[in-house]
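Pasted below: coords-v4.txt, compact mmCIF, C-alpha atoms.
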# COMPACT_ATOMS: atom_id res chain seq x y z
CA MET A 1 -48.57 35.54 63.13
CA PRO A 2 -50.04 35.41 59.64
CA VAL A 3 -49.54 32.20 57.71
CA ARG A 4 -47.68 32.74 54.50
CA ARG A 5 -49.35 30.91 51.69
CA PRO A 6 -47.25 29.71 48.82
CA GLY A 7 -47.90 31.43 45.55
CA PRO A 8 -48.08 29.83 42.17
CA ARG A 9 -45.01 27.81 41.30
CA ARG A 10 -42.88 29.27 38.60
CA PRO A 11 -41.77 26.92 35.85
CA VAL A 12 -38.24 25.77 36.26
CA ARG A 13 -36.05 26.93 33.43
CA THR A 14 -33.82 24.24 32.04
CA ALA A 15 -31.25 24.27 29.36
CA PRO A 16 -32.65 23.52 25.92
CA GLY A 17 -32.41 19.77 25.41
CA ALA A 18 -32.96 17.32 22.57
CA GLY A 19 -36.42 17.23 21.10
CA PRO A 20 -38.35 14.03 20.41
CA VAL A 21 -37.21 13.89 16.78
CA LEU A 22 -33.55 14.18 17.74
CA ARG A 23 -33.98 11.56 20.45
CA ARG A 24 -35.53 9.14 17.98
CA LEU A 25 -32.78 9.77 15.46
CA SER A 26 -30.12 9.21 18.09
CA ASP A 27 -31.79 5.93 19.11
CA TYR A 28 -31.73 4.71 15.53
CA ALA A 29 -28.17 6.00 15.05
CA TRP A 30 -26.56 4.06 17.86
CA ARG A 31 -28.53 0.92 16.99
CA LEU A 32 -27.44 1.17 13.36
CA LEU A 33 -23.88 1.78 14.55
CA ALA A 34 -24.00 -1.36 16.69
CA VAL A 35 -25.36 -3.39 13.76
CA ALA A 36 -22.64 -2.00 11.46
CA VAL A 37 -19.90 -2.90 13.94
CA ALA A 38 -21.30 -6.42 14.33
CA ALA A 39 -21.54 -6.86 10.55
CA TYR A 40 -17.97 -5.60 10.15
CA LEU A 41 -16.69 -8.08 12.73
CA VAL A 42 -18.57 -10.94 11.07
CA LEU A 43 -17.20 -10.02 7.63
CA THR A 44 -13.70 -9.70 9.07
CA VAL A 45 -13.85 -13.18 10.57
CA LEU A 46 -15.27 -14.64 7.35
CA GLY A 47 -12.55 -12.91 5.33
CA ARG A 48 -9.90 -14.22 7.68
CA PHE A 49 -11.05 -17.76 6.93
CA HIS A 50 -11.95 -17.04 3.32
CA LEU A 51 -11.13 -20.55 2.10
CA ILE A 52 -13.65 -22.12 4.48
CA THR A 53 -16.21 -19.40 3.71
CA LEU A 54 -15.94 -19.92 -0.04
CA ALA A 55 -16.07 -23.70 0.38
CA ALA A 56 -19.25 -23.40 2.45
CA PHE A 57 -20.81 -21.07 -0.14
CA LEU A 58 -19.91 -23.45 -2.97
CA ALA A 59 -21.30 -26.36 -0.95
CA LEU A 60 -24.60 -24.51 -0.54
CA VAL A 61 -24.68 -23.82 -4.29
CA ILE A 62 -24.07 -27.51 -5.05
CA THR A 63 -26.72 -28.53 -2.54
CA SER A 64 -29.35 -26.16 -3.94
CA VAL A 65 -28.77 -27.35 -7.51
CA VAL A 66 -28.33 -31.08 -6.89
CA ARG A 67 -30.94 -31.56 -4.17
CA PRO A 68 -33.97 -31.88 -6.53
CA LEU A 69 -32.14 -34.69 -8.35
CA VAL A 70 -31.20 -36.34 -5.05
CA ASP A 71 -34.80 -36.13 -3.79
CA LEU A 72 -36.01 -37.66 -7.05
CA ALA A 73 -33.48 -40.50 -6.90
CA GLY A 74 -34.23 -40.98 -3.19
CA ARG A 75 -37.69 -42.26 -4.10
CA VAL A 76 -36.12 -45.28 -5.81
CA VAL A 77 -32.84 -45.93 -3.99
CA PRO A 78 -31.68 -45.26 -0.40
CA ARG A 79 -30.65 -41.72 0.44
CA PRO A 80 -26.86 -42.36 0.51
CA PHE A 81 -26.95 -43.84 -3.00
CA ALA A 82 -29.12 -40.94 -4.18
CA VAL A 83 -26.53 -38.46 -2.85
CA LEU A 84 -23.78 -40.40 -4.62
CA ILE A 85 -25.71 -40.33 -7.92
CA GLY A 86 -26.42 -36.61 -7.68
CA LEU A 87 -22.83 -35.66 -6.86
CA ALA A 88 -21.46 -37.95 -9.57
CA ILE A 89 -23.59 -36.21 -12.19
CA ALA A 90 -22.68 -32.77 -10.81
CA ILE A 91 -18.94 -33.59 -11.06
CA LEU A 92 -18.83 -35.63 -14.24
CA VAL A 93 -20.84 -33.24 -16.42
CA PRO A 94 -18.52 -30.20 -15.92
CA ALA A 95 -15.44 -32.43 -16.11
CA GLY A 96 -16.62 -33.92 -19.40
CA LEU A 97 -17.41 -30.48 -20.77
CA LEU A 98 -13.94 -29.20 -19.89
CA ALA A 99 -12.35 -32.26 -21.49
CA LEU A 100 -14.38 -31.66 -24.65
CA ILE A 101 -13.23 -28.04 -24.76
CA GLY A 102 -9.59 -29.05 -24.33
CA GLU A 103 -9.85 -31.64 -27.08
CA THR A 104 -11.55 -29.18 -29.44
CA VAL A 105 -8.90 -26.52 -28.92
CA ALA A 106 -6.05 -29.04 -29.23
CA ASN A 107 -7.37 -30.45 -32.52
CA ASP A 108 -7.93 -27.03 -34.11
CA VAL A 109 -4.96 -25.13 -32.73
CA ASP A 110 -3.13 -24.98 -36.08
CA ARG A 111 -6.19 -23.84 -38.00
CA LEU A 112 -7.08 -21.31 -35.31
CA SER A 113 -3.57 -19.84 -35.30
CA ARG A 114 -3.71 -19.40 -39.08
CA GLU A 115 -7.15 -17.78 -38.86
CA PHE A 116 -6.03 -15.40 -36.12
CA GLN A 117 -2.90 -14.44 -38.01
CA GLY A 118 -4.90 -13.83 -41.18
CA GLY A 119 -7.45 -11.82 -39.23
CA LEU A 120 -4.75 -9.66 -37.69
CA ASP A 121 -3.25 -9.05 -41.13
CA ARG A 122 -6.64 -8.00 -42.48
CA LEU A 123 -7.15 -5.74 -39.48
CA GLU A 124 -3.77 -4.07 -40.04
CA LYS A 125 -4.59 -3.43 -43.70
CA ALA A 126 -7.97 -2.00 -42.78
CA LEU A 127 -6.40 0.37 -40.26
CA GLU A 128 -3.77 1.45 -42.77
CA GLY A 129 -6.50 2.46 -45.22
CA ALA A 130 -9.23 5.09 -44.98
CA PRO A 131 -10.21 6.79 -42.77
CA LEU A 132 -7.38 6.24 -40.22
CA HIS A 133 -4.38 5.88 -42.60
CA LEU A 134 -2.07 4.49 -39.91
CA GLU A 135 1.58 3.99 -40.78
CA PRO A 136 2.75 0.36 -41.15
CA SER A 137 5.58 1.11 -38.72
CA THR A 138 2.99 1.70 -35.99
CA PHE A 139 2.21 -2.00 -35.70
CA ASP A 140 5.89 -2.94 -35.81
CA ASP A 141 6.60 -0.51 -32.97
CA LEU A 142 3.70 -1.95 -30.99
CA GLN A 143 4.97 -5.52 -31.40
CA GLN A 144 8.46 -4.41 -30.39
CA LYS A 145 7.12 -2.68 -27.28
CA VAL A 146 5.24 -5.82 -26.27
CA ALA A 147 8.37 -7.95 -26.75
CA ASP A 148 10.45 -5.47 -24.75
CA PHE A 149 7.91 -5.43 -21.94
CA VAL A 150 7.90 -9.24 -21.72
CA SER A 151 11.69 -9.42 -21.68
CA GLU A 152 12.03 -6.69 -19.03
CA HIS A 153 9.36 -8.13 -16.71
CA ARG A 154 10.15 -11.79 -17.27
CA SER A 155 10.93 -12.46 -13.61
CA THR A 156 7.72 -10.75 -12.51
CA LEU A 157 5.68 -12.78 -14.97
CA ILE A 158 7.31 -16.01 -13.82
CA SER A 159 6.63 -15.23 -10.14
CA THR A 160 3.04 -14.36 -11.02
CA ALA A 161 2.66 -17.68 -12.82
CA LEU A 162 4.09 -19.55 -9.83
CA SER A 163 1.77 -17.75 -7.43
CA GLY A 164 -1.08 -18.64 -9.75
CA ALA A 165 -0.07 -22.28 -9.54
CA GLY A 166 -0.15 -22.03 -5.75
CA ARG A 167 -3.58 -20.46 -5.98
CA LEU A 168 -4.72 -23.42 -8.08
CA VAL A 169 -3.74 -25.74 -5.23
CA GLU A 170 -5.77 -23.58 -2.86
CA VAL A 171 -8.74 -23.65 -5.21
CA GLY A 172 -8.50 -27.44 -5.45
CA THR A 173 -8.46 -27.72 -1.66
CA GLY A 174 -11.51 -25.48 -1.37
CA ALA A 175 -13.37 -27.46 -4.04
CA ALA A 176 -12.63 -30.74 -2.25
CA LEU A 177 -13.87 -29.26 1.03
CA ALA A 178 -17.01 -27.97 -0.71
CA VAL A 179 -17.81 -31.44 -2.11
CA PHE A 180 -17.19 -32.99 1.32
CA MET A 181 -19.58 -30.51 2.98
CA SER A 182 -22.21 -30.89 0.29
CA VAL A 183 -22.35 -34.65 0.94
CA PHE A 184 -23.61 -34.03 4.48
CA PHE A 185 -25.83 -31.12 3.43
CA LEU A 186 -27.57 -33.34 0.88
CA HIS A 187 -27.83 -36.35 3.16
CA SER A 188 -28.92 -34.77 6.45
CA GLY A 189 -29.03 -31.00 6.02
CA ASP A 190 -32.45 -30.66 7.69
CA ARG A 191 -31.33 -32.51 10.81
CA MET A 192 -28.13 -30.45 10.96
CA TRP A 193 -30.12 -27.21 10.84
CA GLN A 194 -32.62 -28.39 13.46
CA TRP A 195 -29.77 -29.31 15.79
CA THR A 196 -28.21 -25.86 15.29
CA ALA A 197 -31.46 -24.06 16.05
CA ALA A 198 -32.04 -26.26 19.11
CA GLN A 199 -28.84 -24.95 20.73
CA PHE A 200 -30.49 -21.55 21.28
CA PRO A 201 -33.28 -20.68 23.72
CA ALA A 202 -36.79 -21.61 22.64
CA ALA A 203 -37.87 -18.17 21.35
CA ALA A 204 -34.54 -17.40 19.66
CA GLY A 205 -34.37 -20.90 18.18
CA GLU A 206 -37.83 -20.52 16.67
CA HIS A 207 -36.95 -17.19 15.05
CA LEU A 208 -33.63 -18.57 13.82
CA ASP A 209 -35.31 -21.64 12.39
CA ARG A 210 -37.90 -19.60 10.50
CA GLY A 211 -35.38 -17.07 9.23
CA GLY A 212 -33.03 -19.82 8.10
CA ARG A 213 -35.75 -21.61 6.16
CA VAL A 214 -36.87 -18.39 4.47
CA GLY A 215 -33.28 -17.54 3.59
CA TRP A 216 -32.64 -21.03 2.21
CA ARG A 217 -35.74 -20.89 0.00
CA THR A 218 -34.54 -17.57 -1.39
CA PHE A 219 -30.97 -18.76 -1.90
CA ALA A 220 -32.03 -22.02 -3.56
CA GLY A 221 -34.52 -20.22 -5.80
CA TYR A 222 -31.91 -17.67 -6.84
CA THR A 223 -29.24 -20.30 -7.52
CA ARG A 224 -31.51 -22.52 -9.60
CA GLY A 225 -32.88 -19.49 -11.43
CA ILE A 226 -29.46 -18.09 -12.28
CA PHE A 227 -28.44 -21.53 -13.58
CA VAL A 228 -31.43 -21.52 -15.92
CA VAL A 229 -30.68 -17.97 -17.06
CA ALA A 230 -26.98 -18.72 -17.60
CA ALA A 231 -27.71 -21.92 -19.52
CA THR A 232 -30.23 -20.12 -21.74
CA ASN A 233 -27.79 -17.31 -22.48
CA ALA A 234 -25.03 -19.81 -23.25
CA VAL A 235 -27.26 -21.75 -25.66
CA MET A 236 -28.25 -18.59 -27.54
CA VAL A 237 -24.64 -17.40 -27.73
CA GLY A 238 -23.37 -20.82 -28.83
CA ILE A 239 -25.92 -21.13 -31.63
CA ALA A 240 -25.21 -17.59 -32.85
CA LEU A 241 -21.42 -18.04 -32.81
CA TYR A 242 -21.69 -21.38 -34.60
CA PHE A 243 -23.76 -20.00 -37.48
CA LEU A 244 -21.54 -16.90 -37.69
CA GLY A 245 -18.50 -19.13 -38.07
CA VAL A 246 -16.62 -17.66 -35.11
CA PRO A 247 -13.79 -19.97 -33.93
CA LEU A 248 -13.64 -21.20 -30.35
CA ALA A 249 -17.45 -21.21 -30.24
CA LEU A 250 -17.60 -23.90 -27.53
CA PRO A 251 -15.10 -22.25 -25.13
CA LEU A 252 -16.80 -18.89 -25.65
CA THR A 253 -20.16 -20.50 -24.90
CA VAL A 254 -18.82 -21.91 -21.62
CA LEU A 255 -17.33 -18.49 -20.82
CA GLU A 256 -20.76 -16.93 -21.38
CA PHE A 257 -22.34 -19.50 -19.04
CA PHE A 258 -20.01 -18.77 -16.14
CA ALA A 259 -19.97 -15.01 -16.78
CA SER A 260 -23.77 -14.89 -16.50
CA PHE A 261 -23.44 -15.62 -12.77
CA VAL A 262 -22.30 -12.00 -12.35
CA PRO A 263 -25.50 -10.00 -12.93
CA LEU A 264 -25.62 -7.06 -15.34
CA VAL A 265 -21.92 -7.03 -16.28
CA GLY A 266 -20.84 -10.66 -16.66
CA SER A 267 -22.62 -11.48 -19.91
CA PRO A 268 -21.59 -8.26 -21.75
CA ILE A 269 -17.94 -8.81 -20.81
CA ALA A 270 -18.05 -12.37 -22.16
CA MET A 271 -19.63 -11.12 -25.39
CA LEU A 272 -16.93 -8.46 -25.72
CA VAL A 273 -14.32 -11.23 -25.58
CA ALA A 274 -16.26 -13.10 -28.27
CA SER A 275 -16.39 -9.94 -30.41
CA VAL A 276 -12.59 -9.56 -30.16
CA VAL A 277 -12.17 -13.16 -31.32
CA ALA A 278 -14.63 -12.54 -34.15
CA LEU A 279 -12.76 -9.38 -35.14
CA ALA A 280 -9.44 -11.21 -35.34
CA ALA A 281 -10.78 -14.26 -37.14
CA ARG A 282 -13.79 -13.14 -39.17
CA GLY A 283 -13.46 -9.41 -39.66
CA PRO A 284 -15.24 -6.26 -38.44
CA VAL A 285 -18.68 -7.08 -39.85
CA ILE A 286 -19.03 -10.32 -37.86
CA ALA A 287 -17.57 -8.54 -34.81
CA ILE A 288 -20.28 -5.87 -35.05
CA VAL A 289 -22.94 -8.59 -35.30
CA VAL A 290 -21.54 -10.21 -32.14
CA LEU A 291 -21.66 -6.82 -30.40
CA LEU A 292 -25.31 -6.48 -31.39
CA LEU A 293 -25.92 -9.80 -29.65
CA ILE A 294 -25.11 -8.05 -26.35
CA VAL A 295 -28.19 -5.86 -26.78
CA VAL A 296 -30.42 -8.72 -27.95
CA ILE A 297 -29.44 -11.12 -25.17
CA GLY A 298 -29.68 -8.34 -22.58
CA GLN A 299 -33.24 -7.57 -23.66
CA ILE A 300 -34.25 -11.24 -23.60
CA GLU A 301 -32.66 -11.73 -20.18
CA GLY A 302 -34.13 -8.58 -18.65
CA HIS A 303 -37.66 -8.72 -20.07
CA LEU A 304 -38.28 -12.46 -20.41
CA LEU A 305 -35.96 -14.70 -18.42
CA HIS A 306 -35.72 -12.78 -15.16
CA PRO A 307 -39.48 -12.10 -14.83
CA LEU A 308 -40.32 -15.74 -15.59
CA VAL A 309 -37.52 -17.49 -13.69
CA MET A 310 -36.22 -15.18 -10.96
CA SER A 311 -39.25 -13.16 -9.82
CA ARG A 312 -40.55 -15.87 -7.50
CA ALA A 313 -37.30 -16.11 -5.58
CA VAL A 314 -35.79 -12.60 -5.76
CA SER A 315 -37.50 -9.23 -5.87
CA LEU A 316 -34.72 -6.64 -5.97
CA HIS A 317 -34.67 -3.40 -7.89
CA PRO A 318 -32.06 -3.22 -10.68
CA VAL A 319 -30.40 -0.31 -8.86
CA VAL A 320 -29.97 -2.50 -5.76
CA VAL A 321 -28.53 -5.28 -7.92
CA ALA A 322 -26.07 -2.88 -9.59
CA VAL A 323 -24.93 -1.37 -6.28
CA SER A 324 -24.57 -4.85 -4.75
CA VAL A 325 -22.44 -6.10 -7.62
CA LEU A 326 -20.25 -2.99 -7.51
CA ALA A 327 -19.82 -3.16 -3.73
CA GLY A 328 -19.03 -6.88 -3.87
CA SER A 329 -16.46 -6.43 -6.63
CA ILE A 330 -14.76 -3.60 -4.73
CA SER A 331 -14.55 -5.59 -1.50
CA ALA A 332 -13.70 -9.06 -2.85
CA GLY A 333 -13.17 -8.90 -6.61
CA VAL A 334 -14.97 -11.32 -8.91
CA ILE A 335 -15.97 -13.61 -6.03
CA GLY A 336 -17.57 -10.68 -4.22
CA ALA A 337 -19.52 -9.74 -7.35
CA VAL A 338 -20.86 -13.30 -7.58
CA VAL A 339 -21.78 -13.58 -3.88
CA ALA A 340 -23.21 -10.06 -3.43
CA VAL A 341 -26.63 -10.46 -5.05
CA PRO A 342 -27.62 -13.77 -3.40
CA LEU A 343 -26.41 -12.44 -0.04
CA VAL A 344 -28.48 -9.25 -0.35
CA SER A 345 -31.45 -11.29 -1.56
CA VAL A 346 -31.31 -13.59 1.46
CA LEU A 347 -30.95 -10.69 3.91
CA TRP A 348 -33.88 -8.84 2.34
CA ALA A 349 -36.07 -11.97 2.34
CA VAL A 350 -35.40 -12.63 6.04
CA TYR A 351 -35.98 -8.96 6.91
CA ALA A 352 -39.23 -8.85 4.92
CA ASP A 353 -40.46 -12.06 6.56
CA ARG A 354 -39.69 -10.71 10.03
CA ARG A 355 -41.57 -7.48 9.30
CA GLY A 356 -44.63 -9.32 8.11
CA PRO A 357 -46.41 -9.81 4.80
CA VAL A 358 -45.07 -6.74 2.99
CA ARG A 359 -44.57 -6.27 -0.70
CA GLY A 360 -41.48 -8.05 -1.92
CA ALA A 361 -41.41 -10.58 0.91
CA VAL A 362 -40.73 -14.19 0.09
CA ARG A 363 -43.88 -16.21 0.67
CA GLY A 364 -43.36 -19.79 1.68
CA PRO A 365 -45.62 -22.77 1.07
CA ALA A 366 -48.96 -22.94 2.76
CA PRO A 367 -49.03 -24.31 6.32
CA GLY A 368 -49.36 -28.03 6.47
CA THR A 369 -47.11 -28.80 3.51
CA ALA A 370 -43.88 -30.72 3.85
CA THR A 371 -41.68 -27.65 3.48
CA SER A 372 -43.71 -25.15 5.48
CA VAL A 373 -42.09 -23.32 8.37
CA PRO A 374 -43.26 -24.78 11.69
CA SER A 375 -45.23 -22.51 14.00
CA GLY A 376 -43.23 -23.67 16.95
CA PRO A 377 -40.03 -25.58 17.68
CA PRO A 378 -40.37 -29.31 17.05
CA ALA A 379 -40.46 -31.48 20.08
CA ALA A 380 -37.57 -33.53 18.80
CA ARG A 381 -35.34 -30.49 18.92
CA ARG A 382 -35.85 -30.04 22.63
CA ARG A 383 -34.45 -33.41 23.56
Show the structure stored in the file as structure tokens.
Amino acid sequence: MPVRRPGPRRPVRTAPGAGPVLRRLSDYAWRLLAVAVAAYLVLTVLGRFHLITLAAFLALVITSVVRPLVDLAGRVVPRPFAVLIGLAIAILVPAGLLALIGETVANDVDRLSREFQGGLDRLEKALEGAPLHLEPSTFDDLQQKVADFVSEHRSTLISTALSGAGRLVEVGTGAALAVFMSVFFLHSGDRMWQWTAAQFPAAAGEHLDRGGRVGWRTFAGYTRGIFVVAATNAVMVGIALYFLGVPLALPLTVLEFFASFVPLVGSPIAMLVASVVALAARGPVIAIVVLLLIVVIGQIEGHLLHPLVMSRAVSLHPVVVAVSVLAGSISAGVIGAVVAVPLVSVLWAVYADRRGPVRGAVRGPAPGTATSVPSGPPAARRR
């Protein structure tokens, strides 16, 4: 019986499946989806406990700004006394500045009211003339509408004021918690971080320790840099408003300082407020000069201050900064706009450090220095 030899095997036809490109995209897609879900859960938890989150953020800001002073004082006095000196200066200087502003406004309130009333009268006369030729009754109708609105919504305004008073209590509680946390961050922050990293396995603890140190260097550099930028902007605005004779120059200077913490949009908004005050008190010419200061200060900040002060700590494209500020303001208002840029900067610095020495990564001190990142977990952490 002849032996039947098998012929050549025909290729098995299968249904068309995913190619290598689609497989790779699907791998990235589900990983990105998992990261997005984890980030959403983290943000949800932080938002749930927003008072503690904001207090911790403010404590980190205080620590990053006051720590150089504490380290300097720690060379002469014991560390606890150095922390006390640093926090006392950090609290007394803003408190004294606010007291000075209150005293200035209280002493000049009569003169300021007369100047504002005279400025409004001049503005009405200017609008009644060429080229607008508005009717005098227009302003009377506007004042009547404002008075009617206040009288109709009096209960709503009162409830809003009471809720604002309750929010002030919440802000005071958060500030007290931030100062309490900053005391321990300044005194023993390094030991606290080493203990936290030691709770993880050896490999994970090492990566966490390195990433945390890189992120802290970026955050501290950004915070100190933005303080320098804000103070410089405030000094330029204060000098300009003083020589232009704009009233409330000191409060407007302080407003410019705090508004500069919101990149791109904070300083122009503060200058717009100053231009409105100048328009009411000094007339349209001075108001136009104050508006021109927005362009001048923006150019100085963008082409001189940021490259000199911020480039070592943060390397983000202006588009990334703008999108971060917008996303933060949409999600959490003014606080989100303030927190967005340092948060993105820290995340990018840690990501760049994990990838390796790429362009834009934050480079730490050379190995062997006091603040260099250790190549391995310290032995003391493993006890």
Report task. Would you kindly return, as a PyMOL selection string, each protein, DNA or RNA residue with an atom no farther than 10 Å from any atom of Gly212 of chain A, considering all atoms listed in the file and excluding same-chain residues fewer than 4 positions away? Result -> chain A and resi 193+197+206-208+216-218+346+350+373
Query raised in the report: When distances are computed from only C-alpha atoms, which of A:Leu25, A:Leu293, A:Val344, A:Val229 shows the smallest separation from His306 of chain A?
Result: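 Smallest distance to His306 of chain A is found for A:Val229.
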Report task. Go through A:Ala203, A:Thr196, A:Met310, A:Phe243 one by one, measure the shortest atom-to-atom distance of each to Ala230 of chain A using only C-alpha atoms, and give the residue with the smallest value. Result ->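 Smallest distance to Ala230 of chain A is found for A:Met310.
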Query - Counting all atoms listed in the file, the residue of A:Ala337, A:Ala332, A:Ala327, A:Ala278 that sits nearest Phe116 of chain A - result: A:Ala278
Centre and edges of the segment 91-99 of chain A box, axis-aligned, 6 Å extra per side, as lines of an AutoDock Vina configuration file:
center_x = -16.6
center_y = -32.4
center_z = -16.3
size_x = 20.5
size_y = 18.4
size_z = 22.4
